[in-house]
2 protein chains.
Amino acid sequence: MFQKNKTIMKKRNTACLLTGSLISLTGQVAGQEIQSQKPNFIIILCDDLGYGDIGCYGNPTISTPHIDRMAAEGLKMTQYYVGAAISTPSRSAYLTGRLPVRNGMYGDKNGVLFPDSKSGLGQDELTIAKILKQNGYSTGCVGKWHLGAFSPYLPTDHGFDFYFGIPYSNDMSPAQISDPYAKEHYPLTPLLLNNKKIEDEPDQGNLTRRYTEQAVEYIRKNAKKPFFLYFAHTFPHVPLYTNDRFRGSSKRGLYGDVVQEIDWSVGEIFKVLKEQKLDENTFVIFTSDNGPWLAKKEDGGSAGLLRDGKGTWYEGGFRVPAIFWMPKLLKAKDTEAVCTAMDLFPTFLEMAGISLPENVTLDGKSMLPFLTGKQEKIRDEVFYWWGSELMAVRKGPWKYYLKVIENQYTDSVNIFIPKTPLLYNLENDPSEKYNRAAGNEQIITELIQTAKTHLREMKMKNPVCDLR
Amino acid sequence: MFQKNKTIMKKRNTACLLTGSLISLTGQVAGQEIQSQKPNFIIILCDDLGYGDIGCYGNPTISTPHIDRMAAEGLKMTQYYVGAAISTPSRSAYLTGRLPVRNGMYGDKNGVLFPDSKSGLGQDELTIAKILKQNGYSTGCVGKWHLGAFSPYLPTDHGFDFYFGIPYSNDMSPAQISDPYAKEHYPLTPLLLNNKKIEDEPDQGNLTRRYTEQAVEYIRKNAKKPFFLYFAHTFPHVPLYTNDRFRGSSKRGLYGDVVQEIDWSVGEIFKVLKEQKLDENTFVIFTSDNGPWLAKKEDGGSAGLLRDGKGTWYEGGFRVPAIFWMPKLLKAKDTEAVCTAMDLFPTFLEMAGISLPENVTLDGKSMLPFLTGKQEKIRDEVFYWWGSELMAVRKGPWKYYLKVIENQYTDSVNIFIPKTPLLYNLENDPSEKYNRAAGNEQIITELIQTAKTHLREMKMKNPVCDLR
């Protein structure tokens, strides 16, 4: 185990001492007097941030010192997967711990909710916010929602006490979109406070700052009780906006400026955690909803050494940066443990000493045994879904493509079954360059079996039908 | 300026106090009593290590905690260029501070020295070792040399007091090579101690360990006087070898195992620096000679988000990882300052208070004004040479291709003049995906002018003729 510096080494020694007690406080004992010991949770979720878009993941010209510091003091995950390679289904997986095909947030192929969509995440779905709230947590949501733009689909309908943000993507305003139907029929982009619209078409250049102010204020107000803050940035999704303070701040251009403002925002979150003495008992996660939107060229991000990006089931679409920070619990290091966004749901519950819900099939597995050093890995398998279809499966280091894609780097997607088997060793060949199908028929058989078992056991929900 | 942790913050405060005195000790004052204050220099040079091959540059499955720690405590350079994208000329640039066309280590196209080459780096070239030795330094060379395999071309002929290593690449043994002429005519690979062969065909699996032991011993022996250690690893050049301790240690496969052994070696260097209390006054540089050898597929490395690799003048060939470590002098951060391997020569001299040699035209510029915060950048221009031809030029963020390459990802190179101008903004588009020639004719004119000025002022030396 590598100790990045003496400070962290000290923290780790403390962590070793405290880990046991944390687990006993939250995992085995229940009682009024330890309610206040329950950990706080913060997810900082970026929109379309790619694997290669921050300093500690290898970006040369985007400067992210606050995020890099978080990584240096925490767990930098190098094989962390989202539940879908596009916004709406990915967010549904974060909040329900379930694959989109299980929670209903998927379309025939794939897609997202639009301002004229008639539905959203069903009330029969249990979000992590709802279950934490039922167990005494304050629950706040700041930023982009994208799981339904009106009741009963809003954050406040799904367990959040508080919401401030734009309920869908920032390119869905009639002012931003070129499609004539949309230009005429889409409403002005609303800024919501809880379930009420407080502004039309807020200046997007101020959004990251305003979101951050709201998040900081939320933390201050809720410092005395356990809280869950889901802080979902609108950016770096295109169109890119920032303010005078950050415009031109990055050599990477506007995309870099926007990411550097998010980095500033991360710094503000840590500042208030320290100010409120919450830095011992708060689990902070910095991550993304899917890979970079490569079709936007310089306005889109980079998946680093991973292949392709958003909207594909190559690694660049599904694997994103993820940093876990809680020095009291987590040893500072890079880790190759395979995990998914859906694993956060049961992890939070176990850390908070809350039983898993009955009659809900989760796709997530608790990471806690791994995080506390009791297990060597979190999971073996990853399933890459595109809408209603399973496209690829990973088991151990191996990834097998059931279906492949044409027209990468564009928004137009043509799917077909590959003529020859496509098998990659992701750990040896993270860029998916060298097909290893020949001579590995046994591994392919095993992966196909894994896919078949997953499909056989999958109880798909009816899709919401509004995703396109 | 970002402070990665409290330890580093403390070191930085010390650094601020000491920086001035370091400069006055070495840059302005000369005197016997401060000879002992002169900084030590260590270059740890990897062979074919790519921009994306270590953790802190974004590799997901190669674990490099010691190198990452060095980066967390030091300057992580994100725009550092070598003098050539292949071994022999690149090494000549490191040691002379001069482009290969200026120091003679180039061929008609490009290439390296082979065991049957008749020459090497000329005695009329002044190496950094020679000038440091003339000024009271101990000078040691461990590892791969590749600037001539017999006198008067050996390290001991070029200013090094001590040499231990293999004088050329590890794939040039008759046991490793398939070419029938080479198989018959090449000598067994020699392991040299100073200028004497001490072994034939040493077990390559033990090389990194033995090099490291020699380097550690060299540091111990020379702890009391200023020293320069040039530690040039044989690996991760193909063929890949490591020992039982590291075989299977990495999820990345053998390439990762080999890099992880180098990471261990870096840890050993830091351990002895600490043991000998040299960690205050030693400037350590970790870097590579050129980008990854992509033709070797999984046995070759990765340039991360950069385009292509070794043997090309795309960014993946010329831009490599580079970490500068000297907490007393350098603030811990990532930096986008453009610099080259040739800049080390005048930097070392200025830090050691040694005047630049007269009658020698250097291509390097001292980095010290940048490192001490007196200048905002190191240089604006980078020249990408392939043998006797200038292929591309960078000025500011812009790179213009005078000539391009076919058959990337193979060893076979066909060069041609592009039919349409090719201009990239490297800071905005580090992967060189988006040609920005259209509408930027003025910038192209300026870059062509920069190239013409460089060519007009370039006094090319006769090539050694043995590079192929």
# chains A, B, ... in the order shown; residues from 1 in each chain; ligands from 1
>>> interface_residues(of="chain A", to="chain B", cutoff="6 Å", atoms="only C-alpha atoms", output="NGL selection string")
:A and (2 or 4 or 56-58 or 60-61 or 65 or 69 or 78 or 251-253 or 304-305 or 427-428)
>>> write_last_selection(atoms="all heavy atoms", output="CSV table (one decimal), in the first residue's frame")
chain,number,residue,atom,x,y,z
A,2,PHE,N,0.6,2.1,-0.9
A,2,PHE,CA,1.4,3.3,-1.0
A,2,PHE,C,0.8,4.5,-0.2
A,2,PHE,O,-0.4,4.7,-0.2
A,2,PHE,CB,1.4,3.8,-2.5
A,2,PHE,CG,2.0,5.1,-2.7
A,2,PHE,CD1,3.2,5.4,-2.2
A,2,PHE,CD2,1.2,6.1,-3.3
A,2,PHE,CE1,3.8,6.7,-2.4
A,2,PHE,CE2,1.8,7.4,-3.5
A,2,PHE,CZ,3.0,7.7,-3.0
A,4,LYS,N,0.8,8.4,0.1
A,4,LYS,CA,1.3,9.5,-0.7
A,4,LYS,C,2.1,10.5,0.0
A,4,LYS,O,2.8,11.2,-0.6
A,4,LYS,CB,0.1,10.1,-1.4
A,4,LYS,CG,-0.4,9.1,-2.5
A,4,LYS,CD,-1.5,9.7,-3.4
A,4,LYS,CE,-1.9,8.6,-4.4
A,4,LYS,NZ,-3.0,9.0,-5.2
A,56,CYS,N,-5.4,14.4,-12.7
A,56,CYS,CA,-4.9,13.2,-12.1
A,56,CYS,C,-5.3,11.9,-13.0
A,56,CYS,O,-4.8,10.8,-12.7
A,56,CYS,CB,-5.3,13.0,-10.7
A,56,CYS,SG,-7.1,13.0,-10.5
A,57,TYR,N,-6.1,12.1,-14.0
A,57,TYR,CA,-6.3,11.1,-15.0
A,57,TYR,C,-5.6,11.4,-16.3
A,57,TYR,O,-5.9,10.8,-17.3
A,57,TYR,CB,-7.8,10.9,-15.2
A,57,TYR,CG,-8.6,10.2,-14.1
A,57,TYR,CD1,-9.0,10.8,-13.0
A,57,TYR,CD2,-8.9,8.8,-14.2
A,57,TYR,CE1,-9.6,10.1,-11.9
A,57,TYR,CE2,-9.5,8.1,-13.2
A,57,TYR,CZ,-9.9,8.8,-12.1
A,57,TYR,OH,-10.6,8.1,-11.1
A,58,GLY,N,-4.7,12.3,-16.3
A,58,GLY,CA,-3.8,12.5,-17.4
A,58,GLY,C,-4.0,13.6,-18.4
A,58,GLY,O,-3.4,13.7,-19.4
A,60,PRO,N,-3.4,17.0,-20.0
A,60,PRO,CA,-2.3,17.9,-20.0
A,60,PRO,C,-2.6,19.4,-19.8
A,60,PRO,O,-1.7,20.1,-19.3
A,60,PRO,CB,-1.6,17.6,-21.3
A,60,PRO,CG,-2.7,17.2,-22.3
A,60,PRO,CD,-3.7,16.5,-21.4
A,61,THR,N,-3.8,19.8,-20.2
A,61,THR,CA,-4.0,21.3,-20.2
A,61,THR,C,-5.3,21.7,-19.5
A,61,THR,O,-5.7,22.8,-19.6
A,61,THR,CB,-4.0,21.8,-21.7
A,61,THR,OG1,-4.8,20.9,-22.5
A,61,THR,CG2,-2.6,21.9,-22.2
A,65,PRO,N,-6.6,21.3,-9.6
A,65,PRO,CA,-5.9,21.0,-8.4
A,65,PRO,C,-6.8,20.5,-7.2
A,65,PRO,O,-6.3,19.7,-6.4
A,65,PRO,CB,-5.2,22.4,-8.0
A,65,PRO,CG,-6.0,23.4,-8.8
A,65,PRO,CD,-6.5,22.7,-10.1
A,69,ARG,N,-6.2,16.9,-5.6
A,69,ARG,CA,-6.0,16.8,-4.2
A,69,ARG,C,-6.9,15.8,-3.5
A,69,ARG,O,-6.5,15.0,-2.7
A,69,ARG,CB,-6.2,18.2,-3.5
A,69,ARG,CG,-6.0,18.1,-2.0
A,69,ARG,CD,-6.2,19.4,-1.3
A,69,ARG,NE,-5.9,19.4,0.1
A,69,ARG,CZ,-5.6,20.4,0.8
A,69,ARG,NH1,-5.4,21.6,0.3
A,69,ARG,NH2,-5.3,20.3,2.1
A,78,THR,N,-9.9,3.4,-11.1
A,78,THR,CA,-9.6,3.4,-12.5
A,78,THR,C,-10.5,2.5,-13.3
A,78,THR,O,-10.3,2.4,-14.5
A,78,THR,CB,-8.1,3.0,-12.7
A,78,THR,OG1,-7.9,1.6,-12.3
A,78,THR,CG2,-7.2,3.9,-11.8
A,251,LYS,N,-5.8,26.6,-20.7
A,251,LYS,CA,-5.2,26.4,-22.0
A,251,LYS,C,-6.0,25.5,-22.9
A,251,LYS,O,-5.8,25.5,-24.1
A,251,LYS,CB,-3.8,25.9,-21.9
A,251,LYS,CG,-2.8,26.9,-21.3
A,251,LYS,CD,-1.4,26.2,-21.3
A,251,LYS,CE,-0.4,27.1,-20.5
A,251,LYS,NZ,-0.1,28.4,-21.1
A,252,ARG,N,-6.9,24.8,-22.4
A,252,ARG,CA,-7.7,23.8,-23.1
A,252,ARG,C,-8.8,24.4,-23.9
A,252,ARG,O,-9.6,23.8,-24.6
A,252,ARG,CB,-8.2,22.7,-22.1
A,252,ARG,CG,-9.2,21.7,-22.6
A,252,ARG,CD,-8.7,20.9,-23.8
A,252,ARG,NE,-9.7,19.9,-24.2
A,252,ARG,CZ,-10.7,20.2,-24.9
A,252,ARG,NH1,-10.9,21.4,-25.4
A,252,ARG,NH2,-11.6,19.2,-25.2
A,253,GLY,N,-9.0,25.7,-23.7
A,253,GLY,CA,-10.2,26.4,-24.3
A,253,GLY,C,-11.4,26.4,-23.4
A,253,GLY,O,-11.3,26.0,-22.2
A,304,GLY,N,-9.3,10.0,-22.7
A,304,GLY,CA,-7.9,9.6,-22.4
A,304,GLY,C,-7.5,8.4,-23.3
A,304,GLY,O,-7.7,8.4,-24.5
A,305,LEU,N,-7.0,7.4,-22.7
A,305,LEU,CA,-6.5,6.2,-23.5
A,305,LEU,C,-7.7,5.2,-23.7
A,305,LEU,O,-7.4,4.2,-24.4
A,305,LEU,CB,-5.3,5.5,-22.8
A,305,LEU,CG,-5.6,4.5,-21.7
A,305,LEU,CD1,-4.3,3.9,-21.3
A,305,LEU,CD2,-6.4,5.0,-20.6
A,427,GLU,N,-7.7,-5.1,-19.0
A,427,GLU,CA,-6.6,-4.7,-18.1
A,427,GLU,C,-5.3,-4.7,-18.8
A,427,GLU,O,-4.5,-3.8,-18.5
A,427,GLU,CB,-6.6,-5.6,-16.9
A,427,GLU,CG,-7.9,-5.4,-16.1
A,427,GLU,CD,-8.1,-6.2,-14.9
A,427,GLU,OE1,-7.5,-7.3,-14.7
A,427,GLU,OE2,-8.9,-5.8,-14.0
A,428,ASN,N,-5.1,-5.6,-19.8
A,428,ASN,CA,-3.9,-5.6,-20.6
A,428,ASN,C,-3.9,-4.6,-21.7
A,428,ASN,O,-2.9,-4.1,-22.1
A,428,ASN,CB,-3.7,-7.0,-21.1
A,428,ASN,CG,-2.3,-7.3,-21.5
A,428,ASN,OD1,-1.4,-6.7,-21.0
A,428,ASN,ND2,-2.1,-8.2,-22.5
>>> select_by_dssp(residues="stretch 107-303 of chain B", states="helix (DSSP H, G or I)", output="MDAnalysis selection string")
chainID B and resid 128:134 155:157 180:185 204:221 254:275 294:299
>>> residues_around(residues="B:Ile131", least_positions_apart="3", cutoff="9 Å", atoms="only C-alpha atoms", output="list in words")
Leu126, Thr127, Ile128, Gln134, Asn135, Tyr137, Gly159, Leu349, Ile354 and Pro357 of chain B
>>> write_last_selection(atoms="N, CA and C atoms", output="mmCIF file, in the first residue's frame")
data_model
loop_
_atom_site.group_PDB
_atom_site.id
_atom_site.type_symbol
_atom_site.label_atom_id
_atom_site.label_comp_id
_atom_site.auth_asym_id
_atom_site.auth_seq_id
_atom_site.Cartn_x
_atom_site.Cartn_y
_atom_site.Cartn_z
ATOM 1 N N LEU B 126 30.448 18.049 -26.033
ATOM 2 C CA LEU B 126 30.596 18.243 -24.592
ATOM 3 C C LEU B 126 29.339 17.719 -23.895
ATOM 4 N N THR B 127 29.497 16.683 -23.070
ATOM 5 C CA THR B 127 28.312 16.191 -22.353
ATOM 6 C C THR B 127 28.167 16.931 -21.024
ATOM 7 N N ILE B 128 26.968 16.856 -20.498
ATOM 8 C CA ILE B 128 26.700 17.456 -19.189
ATOM 9 C C ILE B 128 27.568 16.783 -18.120
ATOM 10 N N GLN B 134 34.295 18.437 -14.665
ATOM 11 C CA GLN B 134 35.311 19.501 -14.661
ATOM 12 C C GLN B 134 35.101 20.483 -13.508
ATOM 13 N N ASN B 135 33.851 20.511 -13.004
ATOM 14 C CA ASN B 135 33.531 21.443 -11.933
ATOM 15 C C ASN B 135 33.337 20.742 -10.591
ATOM 16 N N TYR B 137 32.175 17.659 -9.765
ATOM 17 C CA TYR B 137 31.127 16.668 -9.537
ATOM 18 C C TYR B 137 31.643 15.243 -9.735
ATOM 19 N N GLY B 159 32.955 11.693 -19.844
ATOM 20 C CA GLY B 159 32.845 12.471 -18.611
ATOM 21 C C GLY B 159 32.291 11.718 -17.420
ATOM 22 N N LEU B 349 23.550 23.411 -15.232
ATOM 23 C CA LEU B 349 24.717 24.295 -15.101
ATOM 24 C C LEU B 349 24.362 25.528 -14.275
ATOM 25 N N ILE B 354 27.646 27.073 -12.731
ATOM 26 C CA ILE B 354 28.684 26.876 -13.746
ATOM 27 C C ILE B 354 28.290 27.658 -14.998
ATOM 28 N N PRO B 357 29.133 26.748 -21.498
ATOM 29 C CA PRO B 357 30.372 26.606 -22.270
ATOM 30 C C PRO B 357 30.403 27.599 -23.427
#
>>> residues_around(residues="stretch 215-228 of chain B", least_positions_apart="3", cutoff="10 Å", atoms="only C-alpha atoms", output="VMD selection string")
chain B and resid 35 to 43 128 to 129 132 to 133 135 to 143 160 162 to 164 209 to 212 231 265 268 to 273 275 to 278 281 to 284 348 352
>>> residues_around(residues="B:Arg319", least_positions_apart="5", cutoff="8 Å", atoms="only C-alpha atoms", output="list of chain:residue names")
B:Tyr51, B:Gln79, B:Tyr80, B:Tyr81, B:Val82, B:Asn290, B:Gly291
>>> write_last_selection(atoms="all heavy atoms", output="PDB file, in the first residue's frame")
ATOM      1  N   TYR B  51       3.489   8.377 -22.648  1.00  0.00           N
ATOM      2  CA  TYR B  51       2.818   9.423 -21.858  1.00  0.00           C
ATOM      3  C   TYR B  51       1.718   8.843 -20.965  1.00  0.00           C
ATOM      4  O   TYR B  51       1.444   9.382 -19.899  1.00  0.00           O
ATOM      5  CB  TYR B  51       2.217  10.461 -22.815  1.00  0.00           C
ATOM      6  CG  TYR B  51       1.785  11.740 -22.152  1.00  0.00           C
ATOM      7  CD1 TYR B  51       2.705  12.739 -21.853  1.00  0.00           C
ATOM      8  CD2 TYR B  51       0.448  11.968 -21.821  1.00  0.00           C
ATOM      9  CE1 TYR B  51       2.321  13.919 -21.244  1.00  0.00           C
ATOM     10  CE2 TYR B  51       0.054  13.147 -21.202  1.00  0.00           C
ATOM     11  CZ  TYR B  51       0.990  14.117 -20.917  1.00  0.00           C
ATOM     12  OH  TYR B  51       0.604  15.290 -20.302  1.00  0.00           O
ATOM     13  N   GLN B  79       3.864  19.019 -20.785  1.00  0.00           N
ATOM     14  CA  GLN B  79       4.243  19.325 -22.171  1.00  0.00           C
ATOM     15  C   GLN B  79       5.777  19.318 -22.285  1.00  0.00           C
ATOM     16  O   GLN B  79       6.386  20.328 -22.628  1.00  0.00           O
ATOM     17  CB  GLN B  79       3.652  20.668 -22.612  1.00  0.00           C
ATOM     18  CG  GLN B  79       2.128  20.695 -22.500  1.00  0.00           C
ATOM     19  CD  GLN B  79       1.464  21.748 -23.370  1.00  0.00           C
ATOM     20  OE1 GLN B  79       1.231  21.551 -24.552  1.00  0.00           O
ATOM     21  NE2 GLN B  79       1.149  22.892 -22.784  1.00  0.00           N
ATOM     22  N   TYR B  80       6.345  18.175 -22.006  1.00  0.00           N
ATOM     23  CA  TYR B  80       7.798  17.981 -22.009  1.00  0.00           C
ATOM     24  C   TYR B  80       8.161  17.134 -23.229  1.00  0.00           C
ATOM     25  O   TYR B  80       7.597  16.061 -23.421  1.00  0.00           O
ATOM     26  CB  TYR B  80       8.176  17.268 -20.715  1.00  0.00           C
ATOM     27  CG  TYR B  80       9.612  16.815 -20.603  1.00  0.00           C
ATOM     28  CD1 TYR B  80      10.559  17.591 -19.934  1.00  0.00           C
ATOM     29  CD2 TYR B  80      10.026  15.597 -21.139  1.00  0.00           C
ATOM     30  CE1 TYR B  80      11.872  17.166 -19.806  1.00  0.00           C
ATOM     31  CE2 TYR B  80      11.338  15.165 -21.017  1.00  0.00           C
ATOM     32  CZ  TYR B  80      12.255  15.957 -20.344  1.00  0.00           C
ATOM     33  OH  TYR B  80      13.552  15.528 -20.219  1.00  0.00           O
ATOM     34  N   TYR B  81       9.113  17.605 -23.996  1.00  0.00           N
ATOM     35  CA  TYR B  81       9.464  16.965 -25.267  1.00  0.00           C
ATOM     36  C   TYR B  81      10.882  16.440 -25.270  1.00  0.00           C
ATOM     37  O   TYR B  81      11.790  17.081 -24.731  1.00  0.00           O
ATOM     38  CB  TYR B  81       9.337  17.977 -26.415  1.00  0.00           C
ATOM     39  CG  TYR B  81       7.920  18.382 -26.685  1.00  0.00           C
ATOM     40  CD1 TYR B  81       7.331  19.437 -26.007  1.00  0.00           C
ATOM     41  CD2 TYR B  81       7.155  17.687 -27.606  1.00  0.00           C
ATOM     42  CE1 TYR B  81       6.011  19.797 -26.243  1.00  0.00           C
ATOM     43  CE2 TYR B  81       5.836  18.033 -27.855  1.00  0.00           C
ATOM     44  CZ  TYR B  81       5.277  19.096 -27.170  1.00  0.00           C
ATOM     45  OH  TYR B  81       3.971  19.430 -27.400  1.00  0.00           O
ATOM     46  N   VAL B  82      11.067  15.306 -25.940  1.00  0.00           N
ATOM     47  CA  VAL B  82      12.415  14.798 -26.149  1.00  0.00           C
ATOM     48  C   VAL B  82      13.001  15.392 -27.432  1.00  0.00           C
ATOM     49  O   VAL B  82      12.293  16.015 -28.225  1.00  0.00           O
ATOM     50  CB  VAL B  82      12.416  13.246 -26.218  1.00  0.00           C
ATOM     51  CG1 VAL B  82      12.153  12.683 -24.836  1.00  0.00           C
ATOM     52  CG2 VAL B  82      11.386  12.731 -27.216  1.00  0.00           C
ATOM     53  N   ASN B 290      11.583   8.422 -25.388  1.00  0.00           N
ATOM     54  CA  ASN B 290      10.629   8.662 -26.484  1.00  0.00           C
ATOM     55  C   ASN B 290       9.328   7.962 -26.137  1.00  0.00           C
ATOM     56  O   ASN B 290       9.239   7.279 -25.117  1.00  0.00           O
ATOM     57  CB  ASN B 290      11.178   8.184 -27.832  1.00  0.00           C
ATOM     58  CG  ASN B 290      11.776   6.796 -27.803  1.00  0.00           C
ATOM     59  OD1 ASN B 290      12.980   6.632 -27.981  1.00  0.00           O
ATOM     60  ND2 ASN B 290      10.964   5.781 -27.549  1.00  0.00           N
ATOM     61  N   GLY B 291       8.342   8.101 -27.018  1.00  0.00           N
ATOM     62  CA  GLY B 291       7.031   7.522 -26.755  1.00  0.00           C
ATOM     63  C   GLY B 291       7.012   6.009 -26.875  1.00  0.00           C
ATOM     64  O   GLY B 291       8.041   5.369 -27.113  1.00  0.00           O
TER      65      GLY B 291
END
>>> residues_around(residues="B:Tyr384", least_positions_apart="4", cutoff="12 Å", atoms="only C-alpha atoms", output="number ranges by chain")
B: 81-86, 90, 99-101, 110, 311-319, 340, 388-395, 399-404, 451, 454-455
>>> residues_around(residues="A:Asn195", least_positions_apart="4", cutoff="10 Å", atoms="only C-alpha atoms", output="ChimeraX atom specification")
/A:149-157,162-164,191
>>> closest_residue(among="A:Gly148, A:Gly104, A:Pro327, A:Gly50", to="A:His237", atoms="only C-alpha atoms")
A:Gly50
>>> atom_distance(atom1="atom CA of A:Trp385", atom2="atom CA of A:Ala438")
25.0 Å
>>> select_by_dssp(residues="stretch 61-308 of chain B", states="strand (DSSP E)", output="ChimeraX atom specification")
/B:75-77,80-81,138-143,162-165,190-193,196-200,227-232,282-288
>>> closest_residue(among="B:Leu344, B:Gly387, B:Glu261, B:Lys331", to="B:Asn462", atoms="only C-alpha atoms")
B:Gly387
>>> closest_residue(among="B:Val464, B:Leu294, B:Leu240, B:Ile417", to="B:Tyr106", atoms="only C-alpha atoms")
B:Val464
>>> atom_distance(atom1="atom CA of B:Thr287", atom2="atom CA of B:Asp108")
27.0 Å
